[in-house]
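Below is one structure, written out as structure tokens, with a few remarks after it.
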Amino acid sequence: MSLMYGKEKDADYEIDNASHPGFISFFAKLPPKSPETGIVRLFFRIEGYTAHGPDALFVAAHYFHTNTVIKYLGPGGKNGLPSVYLTENQAKSFLRDALTAKQLKVEIWVPEDGQGKKATKFKLDKEASPGNLQAVEDLLFANADIMSAPIVMAIKITSSPVSAGGSAKAKTKTIGIAYADTSTRELGVADFVDNDLYSNIETLIVQLSVKEALIPTGTQSGTTERDFELKKLKEVLDRCGVVVTERKPSEFMAKNIKDDMIRLLTPSSIPSTSNVDATAVIPELSLPVAPSALSALVSYLSLLSDPTNHTAYTIRTHDLSQYMKLDASALRALNLTEAPGAIGGSKNSTLFGLLNKCKTAQGSRLLGSWLKQPLVNIHEIHKRQNLVEVFVDDANARRTLQDEYLKMMPDMHRICKRFQRSVASLEDVVRVYQAILKLEGFIATLEGVDASEESKALIDEIYLSKLQEFNSNLSKYSEMVEQTLDLDELEHHQFVIKPDFDSRLQALSDKLKEIRDGLDEEHNEVAHDLNIEIDKRLHLENSPMWGYCFRVTAKDARLTDHNSKYVTLQQNKSGKFFTTKHLKQLAIDYKETTEMYTKTQSGLVKEVANIAATYAPVLESWNNVLAHLDVVVSFAHVAVNAPDTYVKPKIQEKGAGNLILRDARHPCLEVQDDISFIPNDVEMIKDKSEFQIITGPNMGGKSTYIRQAGVIALMAQIGSFVPCSDAMIPIFDSILCRVGAGDSQLKGISTFMAEMLETATILRSASKDSLIIIDELGRGTSTYDGFGLAWAISEHIASQIHAFCLFATHFHELTALDQEIPHVKNLHVVAHVGDSDAGSRDRDITLLYKVEPGVCDQSFGIHVAELANFPENVVKLAKRKADELEDFHAEDRNEPELPTEIVEEGTKIITTMLQTWASRVPEQDGEDIVMDEMSPAAQLEELKACVARFRPQIENNLWAQHILASL
């Protein structure tokens with residue numbers, strides 16, 4: 001069947017069936033929904049799906065990328081109902097993209113009972129959203145791994161007046177959070193106080209990789225305060241790329257949540273329920289606000305309606321402080337993961353892509369979690385580091401684990417889900433069996449690792465002891481598979497039950513053998529009759545259309561032409577297909593017996609799969625150990641195969657250390673093609689150089705320098721080695737970033753407003769143990785306003801928060817801050833400025849990408865414009881206007897242009913005068929006193945006396961006169 005624009009020729013027939021006025025009438029009465037509202041609606045038809053109205057236009061534009069696939073139903077041509085047909089595979093591909101990349105919600109409608117091809121009425125069958133894939137998981141992801149868990153979260157906010165002493169209008173916001181990972185059947189809750197910017201909610205979203213959030217709808221009567229808070233919350237969720245789903249406020253009531261939890265949670269989560277209040281045995285329900293959010297979540301996911309969920313869920317409390325805090329800006333600035341909807345770029349353009357040398361899907365998922373949940377416990381960080389070090393040092397163990405074992409491991413988490421839903425196949429059972437056969441090799445490789453006694457003890461604690469336990473527990477599983485499955489057939493990719501396992505199967509198997517023998521006899525007889533070689537010229541084939549039949553080449557086709565016992569079936573380029581009366585009967589018998597065998601076997605398969613499902617808890621635990629090992633080995637692989645040295649960083653306790661990086665490099669940039677990365681040192685000493693201002697030309701490397709410090713700090717806290725020759729890193733409680741100029745004009749947020757919101761989050765969230773990275777603050781407004789804000793924010797961070805801060809800026813005046821605050825230091829990226837033709841002000845500039853102490857006293861924006869191939873007349877005009885502006889400011893400041901020797905002489909005069917004044921120790925009542933002990937008035941009198949003394953020299957130097965006048 002030929003294809004046209006991705007749809008089959010007879011696809012028109014499928015849509016024509018829907019063109020009946022009855023369907024158009026039915027569709028018109030449906031609640032209006034379209035991708036603009038975040039929802040796509042598909043209708044299931046025979047062997048495919050259709051989309052109509054705005055959804056059809058969306059599918060045509062974003063999936064087929066052409067409008068030629070659109071068909072208009074009803075009278076009026078293009079005034080009719082736009083419709084698009086998708087084959088089953090096309091629909092699955094489109095839905096996967098819609099739910100994961102485009103973050104849309106999906107509805108799938110099916111014909112009402114009794115309606116077939118000519119269905120005009122449909123009913124809603126499945127709903128799915130980015131955070132709730134349960135209904136479509138088996139449909140869309142049966143053969144594809146979900147690389148990150150679909151987390152959905154419910155949020156309940158309560159406000160209460162601040163205690164005495166606060167503002168009358170000030171209120172504290174208590175946040176109740178509940179979240180669910182339906183793939184692992186885990187519930188989580190959290191209760192915490194948040195600020196006006198909802199910084200803690202943002203942190204939680206990042207830590208958990210939340211895809212969807214449930215919030216109560218705004219009030220119809222319009223309680224302005226509540227609606228205003230919901231609007232702010234939606235802005236935070238939008239900034240984090242989270243899909244917002246509004247639910248009725250009545251769903252956020254904890255009325256029945258205790259009973260629901262007793263039905264959902266595993267027995268081990270509830271020690272006892274007899275005559276005991278549920279809150280006593282489920283401490284998560286004693287939190288003040290979270291149970292209300294949990295109630296809305298359970299309702300939205302319809303967890304109780306699926307019997308397989310009963311007694312299957314676990315619950316835990318999420319503590320924000322157990323991981324480093326990251327916000328959405330930090331994710332973008334540090335390039336941790338691909339931004340939602342981003343396309344293109346190499347896999348090494350993100351930290352996840354760079355570090356993901358994992359061989360298993362579960363390893364990749366765990367790495368994604370680790371990147372967003374850096375550790376703050378020094379002992380746990382050391383454990384990960386030491387494990388990575390073992391596999392960095394032992395190359396043989398690393399390669400063996402990756403290539404011979406981890407590479408062969410299935411995603412047992414997905415298989416366990418299939419077991420639990422009773423949809424597992426024999427192939428799933430066999431894949432687990434084949435993985436169990438590798439367990440002995442896993443254990444032997446880890447036992448043979450070349451490491452210190454301390455490291456071996458750690459490997460035993462984290463991996464070996466658990467793997468040995470799994471090996472023991474799963475031995476019965478292996479026996480069960482070997483007793484029930486025909487392992488010889490695995491070589492032919494056949495997954496079948498042993499015939500001798502069941503008498504009915506054995507009888508059918510014997511009959512199939514008898515039929516096959518008959519087929520071979522008939523094959524030999526016909527070959528002898530036609531006098532041609534068997535298999536070389538006469539082939540016995542099992543055709544999907546005719547069952548078993550013979551085929552001869554076109555050259556030998558004439559051999560059967562005049563013999564009535566040979567019945568021709570078809571003749572084409574590949575040869576002539578024919579059969580005999582006896583072969584036709586054998587083919588029918590084979591087909592019928594095979595169907596009976598399959599039917600009989602399916603019942604036994606279900607029994608085997610049910611037995612295998614009892615091992616799910618052990619397989620899940622094993623899966624977690626495999627994922628951990630996979631990520632650790634991946635870290636070692638990256639460290640060893642990097643273009644230059646990766647080292648094990650020395651981690652210091654929170655608040656007790658300095659950030660010192662020698663020859664630091666940006667891990668993602670150094671692996672890009674055609675880049676020779678120039679390393680730089682980072683040295684931030686508490687109370688000495690904790691706040692650093694970096695100036696320098698555009699494209700000189702300022703942004704890379706400050707970001708690589710953040711990336712390296714984060715890598716250290718997930719346990720990875722880092723791209724330095726030596727590294728000493730304190731534990732940071734958060735990395736907060738303000739970089740880039742991404743605006744949200746379509747959402748009514750300007751570039752400058754977005755910048756100020758991010759900066760406000762930093763000022764409200766940062767502590768003395770934070771790392772702050774700020775790039776080009778204040779560019780979105782006027783120069784004077786921008787500089788004023790940059791100065792005020794810098795001074796506040798340096799003097800009030802005392803966090804480590806790297807501040808890149810083009811406001812060179814900001815470098816004067818180091819004169820006011822001792823622990824502010826200036827750095828600049830170096831650019832070599834060459835001289836050009838005499839009399840010309842053009843400069844040849846070479847960017848050296850080195851960072852050195854001191855201030856860069858000039859900008860190079862026009863030079864960058866030249867590099868970007870601006871028209872020559874535009875560049876010349878820019879230079880002229882820049883010169884005019886410089887001259888204007890020079891006149892405004894009354895700064896005369898003087899020869900260098902006069903400036904140098906004047907500098908010496910003023911310096912000598914001030915030193916004389918500072919060193920004078922006048923007598924009062926016969927006693928010497930220190931200048932600092934004199935009153936301001938007395939000090940001023942001394943200064944006047946010094947000026948009078950140096951007046952003749954000052955009057956002979958124009959530069960000194962100008963300085964004295966400005967004072």
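To be explicit about the labels: the chains of the structure tokens are called A, B, and onward in the order shown, and within each one the residues are counted from 1, while ligands get numbers from 1 in the order they are shown.
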
Contacts of Met253 of chain A at 8 Å (only C-alpha atoms; same-chain gap of 3+ positions) as a list in words: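 The contact residues come out as Pro249, Ser250, Pro291, Ser292, Ala293, Ser295 and Ala296 of chain A.
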
Polymer residues at most 12 Å from Val210 of chain A, only C-alpha atoms, same-chain spacing of 6 or more positions, as an mmCIF file with C-alpha atoms, in the first residue's frame:
data_model
loop_
_atom_site.group_PDB
_atom_site.id
_atom_site.type_symbol
_atom_site.label_atom_id
_atom_site.label_comp_id
_atom_site.auth_asym_id
_atom_site.auth_seq_id
_atom_site.Cartn_x
_atom_site.Cartn_y
_atom_site.Cartn_z
ATOM 1 C CA GLN A 103 4.161 19.229 27.441
ATOM 2 C CA PRO A 130 2.944 15.158 31.237
ATOM 3 C CA GLY A 131 2.799 14.183 34.923
ATOM 4 C CA ASN A 132 0.276 11.361 34.558
ATOM 5 C CA SER A 148 12.755 10.667 33.376
ATOM 6 C CA ALA A 149 9.958 9.823 35.766
ATOM 7 C CA PRO A 150 6.670 11.692 35.150
ATOM 8 C CA ILE A 151 6.198 13.493 38.487
ATOM 9 C CA VAL A 152 2.900 15.268 39.204
ATOM 10 C CA MET A 153 2.590 17.557 42.217
ATOM 11 C CA ALA A 154 -0.303 19.157 44.098
ATOM 12 C CA ILE A 155 0.181 22.487 45.898
ATOM 13 C CA ILE A 177 3.065 19.707 48.791
ATOM 14 C CA ALA A 178 2.168 16.184 47.686
ATOM 15 C CA TYR A 179 3.751 14.474 44.694
ATOM 16 C CA ALA A 180 3.489 11.093 43.003
ATOM 17 C CA ASP A 181 5.743 9.018 40.818
ATOM 18 C CA ILE A 201 8.518 25.631 45.659
ATOM 19 C CA GLU A 202 10.853 26.370 42.753
ATOM 20 C CA THR A 203 13.636 24.442 44.483
ATOM 21 C CA LEU A 204 11.334 21.461 45.060
ATOM 22 C CA LEU A 237 5.554 27.110 37.512
ATOM 23 C CA ASP A 238 5.722 28.528 33.990
ATOM 24 C CA CYS A 240 10.144 25.987 35.466
ATOM 25 C CA GLY A 241 8.364 24.545 32.410
ATOM 26 C CA VAL A 242 5.660 22.862 34.517
ATOM 27 C CA VAL A 243 2.196 22.199 33.088
ATOM 28 C CA VAL A 244 -0.480 23.778 35.305
ATOM 29 C CA ALA A 328 15.230 27.173 37.205
ATOM 30 C CA SER A 369 17.958 12.848 39.574
ATOM 31 C CA LYS A 372 19.153 18.048 40.330
#

Residue with smallest distance to Glu479 of chain A - pool A:Tyr849, A:Phe94, A:Phe58, A:Tyr433, counting only C-alpha atoms: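 Smallest distance to Glu479 of chain A is found for A:Tyr433.
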
Expected answer as number ranges by chain: helix (DSSP H, G or I) residues in segment 298-499 of chain A: A: 298-301, 303-305, 307-309, 320-322, 328-333, 347-349, 351-355, 361-372, 378-393, 395-408, 412-420, 426-437, 439-447, 453-473, 475-484, 487-492, 499

I'd like to know which residues of segment 412-598 of chain A are strand (DSSP E) (by DSSP, run on the backbone); could you write them as a ChimeraX atom specification? /A:538-543,547-552,567-572,575-579

In Å to one decimal, how far is atom CA of Pro35 of chain A from atom CA of Pro111 of chain A?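 Atom CA of Pro35 of chain A lies at a distance of 22.4 Å from atom CA of Pro111 of chain A.
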
Set the distance at 6 Å and use only C-alpha atoms: which residues neighbour segment 809-821 of chain A once local chain neighbours fewer than 4 positions away are removed? I'd like the list as a PyMOL selection string. chain A and resi 695+776+825

Counting only C-alpha atoms, what are the residues of segment 563-669 of chain A within 10 Å of segment 539-548 of chain A, and for each of them which pair of atoms is the nearest and at what distance in Å, to one decimal? Sort the table by chain and rising number, as a Markdown table.
| residue | atom | partner | partner_atom | distance |
| --- | --- | --- | --- | --- |
| A:Leu569 | CA | A:Trp546 | CA | 8.3 |
| A:Phe577 | CA | A:Glu541 | CA | 9.2 |
| A:Phe578 | CA | A:Trp546 | CA | 9.7 |
| A:Thr579 | CA | A:Tyr548 | CA | 8.2 |
| A:Leu583 | CA | A:Tyr548 | CA | 7.2 |
| A:Lys584 | CA | A:Tyr548 | CA | 7.4 |
| A:Gln585 | CA | A:Tyr548 | CA | 9.6 |
| A:Leu586 | CA | A:Tyr548 | CA | 7.9 |
| A:Ala587 | CA | A:Tyr548 | CA | 5.1 |
| A:Ile588 | CA | A:Gly547 | CA | 7.5 |
| A:Tyr590 | CA | A:Gly547 | CA | 8.5 |
| A:Lys591 | CA | A:Gly547 | CA | 7.4 |

Atom CA of Thr553 of chain A and atom CA of Leu530 of chain A are how many Å apart? 13.1 Å

Can you tell me which residues surround segment 312-324 of chain A at a distance of at most 6 Å, considering only C-alpha atoms, apart from same-chain residues fewer than 2 positions away, and format the answer as number ranges by chain? A: 185-190, 264-266, 309-310, 373-376, 733-734

For the residues in that selection, give me C-alpha atoms as a short mmCIF file (atom, residue, chain, number, x, y, z; two decimals), in the first residue's frame.
data_model
loop_
_atom_site.label_atom_id
_atom_site.label_comp_id
_atom_site.auth_asym_id
_atom_site.auth_seq_id
_atom_site.Cartn_x
_atom_site.Cartn_y
_atom_site.Cartn_z
CA ARG A 185 4.36 3.89 42.95
CA GLU A 186 5.81 6.37 45.39
CA LEU A 187 4.03 9.24 47.13
CA GLY A 188 5.82 12.12 48.80
CA VAL A 189 4.79 15.04 50.97
CA ALA A 190 6.46 18.21 52.20
CA LEU A 264 -3.10 2.49 48.97
CA LEU A 265 0.00 1.99 51.12
CA THR A 266 1.95 -1.25 51.42
CA ASN A 309 -2.50 0.16 43.16
CA HIS A 310 -4.03 -1.08 46.41
CA GLN A 373 19.76 16.75 43.85
CA PRO A 374 23.43 17.46 44.70
CA LEU A 375 24.33 16.19 48.16
CA VAL A 376 25.09 18.41 51.16
CA ASP A 733 23.72 24.86 50.27
CA SER A 734 22.63 26.44 46.97
#

Among the residues A:Thr337, A:Ser919, A:Ser770, A:Thr120, the one that comes closest to Phe26 of chain A [using only C-alpha atoms]: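 Of the candidates, the smallest distance to Phe26 of chain A is held by A:Thr120.
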
Shell around Gln385 of chain A at 10 Å using only C-alpha atoms, local window under 4 positions removed, as a PDB file with C-alpha atoms, in the first residue's frame:
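Okay, around-v6.pdb is ready:
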ATOM      1  CA  HIS A 379      30.064  11.639  54.283  1.00  0.00           C
ATOM      2  CA  GLU A 380      27.708  10.669  51.448  1.00  0.00           C
ATOM      3  CA  ILE A 381      29.741  12.763  48.979  1.00  0.00           C
ATOM      4  CA  GLU A 389      37.993   6.568  42.328  1.00  0.00           C
ATOM      5  CA  VAL A 390      37.983   2.749  42.464  1.00  0.00           C
ATOM      6  CA  VAL A 632      29.320   5.629  39.345  1.00  0.00           C
ATOM      7  CA  PHE A 635      31.482   9.098  36.214  1.00  0.00           C
ATOM      8  CA  ALA A 636      34.731   7.133  36.163  1.00  0.00           C
ATOM      9  CA  LYS A 648      39.002  14.037  42.903  1.00  0.00           C
ATOM     10  CA  PRO A 649      38.086  17.321  44.635  1.00  0.00           C
ATOM     11  CA  LYS A 650      38.826  17.879  48.321  1.00  0.00           C
ATOM     12  CA  ILE A 651      35.432  18.554  49.901  1.00  0.00           C
ATOM     13  CA  ALA A 716      31.754  17.807  43.172  1.00  0.00           C
ATOM     14  CA  GLN A 717      28.569  17.589  45.230  1.00  0.00           C
ATOM     15  CA  ILE A 718      27.085  14.800  43.114  1.00  0.00           C
ATOM     16  CA  GLY A 719      30.247  12.782  43.729  1.00  0.00           C
ATOM     17  CA  SER A 720      31.935  13.216  40.353  1.00  0.00           C
ATOM     18  CA  PHE A 721      35.554  14.060  39.659  1.00  0.00           C
TER      19      PHE A 721
END

Using Å and a single decimal, report how far atom CA of Val69 of chain A sits from atom CA of Phe27 of chain A.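 The value is 19.9 Å.
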
Pick out the closest residue to Ala51 of chain A from this set: A:Ile70, A:Ile215, A:Cys805, A:Leu508. Count only C-alpha atoms. A:Ile70

Would you pick out the contacts of Leu958 of chain A at 9 Å or less, using only C-alpha atoms, so that residues sharing its chain but fewer than 4 positions from it are not included, and give the list as an MDAnalysis selection string? chainID A and resid 896 898 902:903 906 954 962:963

If we count only C-alpha atoms, what is near segment 756-760 of chain A at a cut-off of 9 Å, once residues fewer than 5 positions away on the same chain are taken out, given as a list in words? Leu197, Ser329, Leu736, Cys737, Arg738, Thr751, Ser765, Ile774, Leu777, Gly778 and Ile793 of chain A
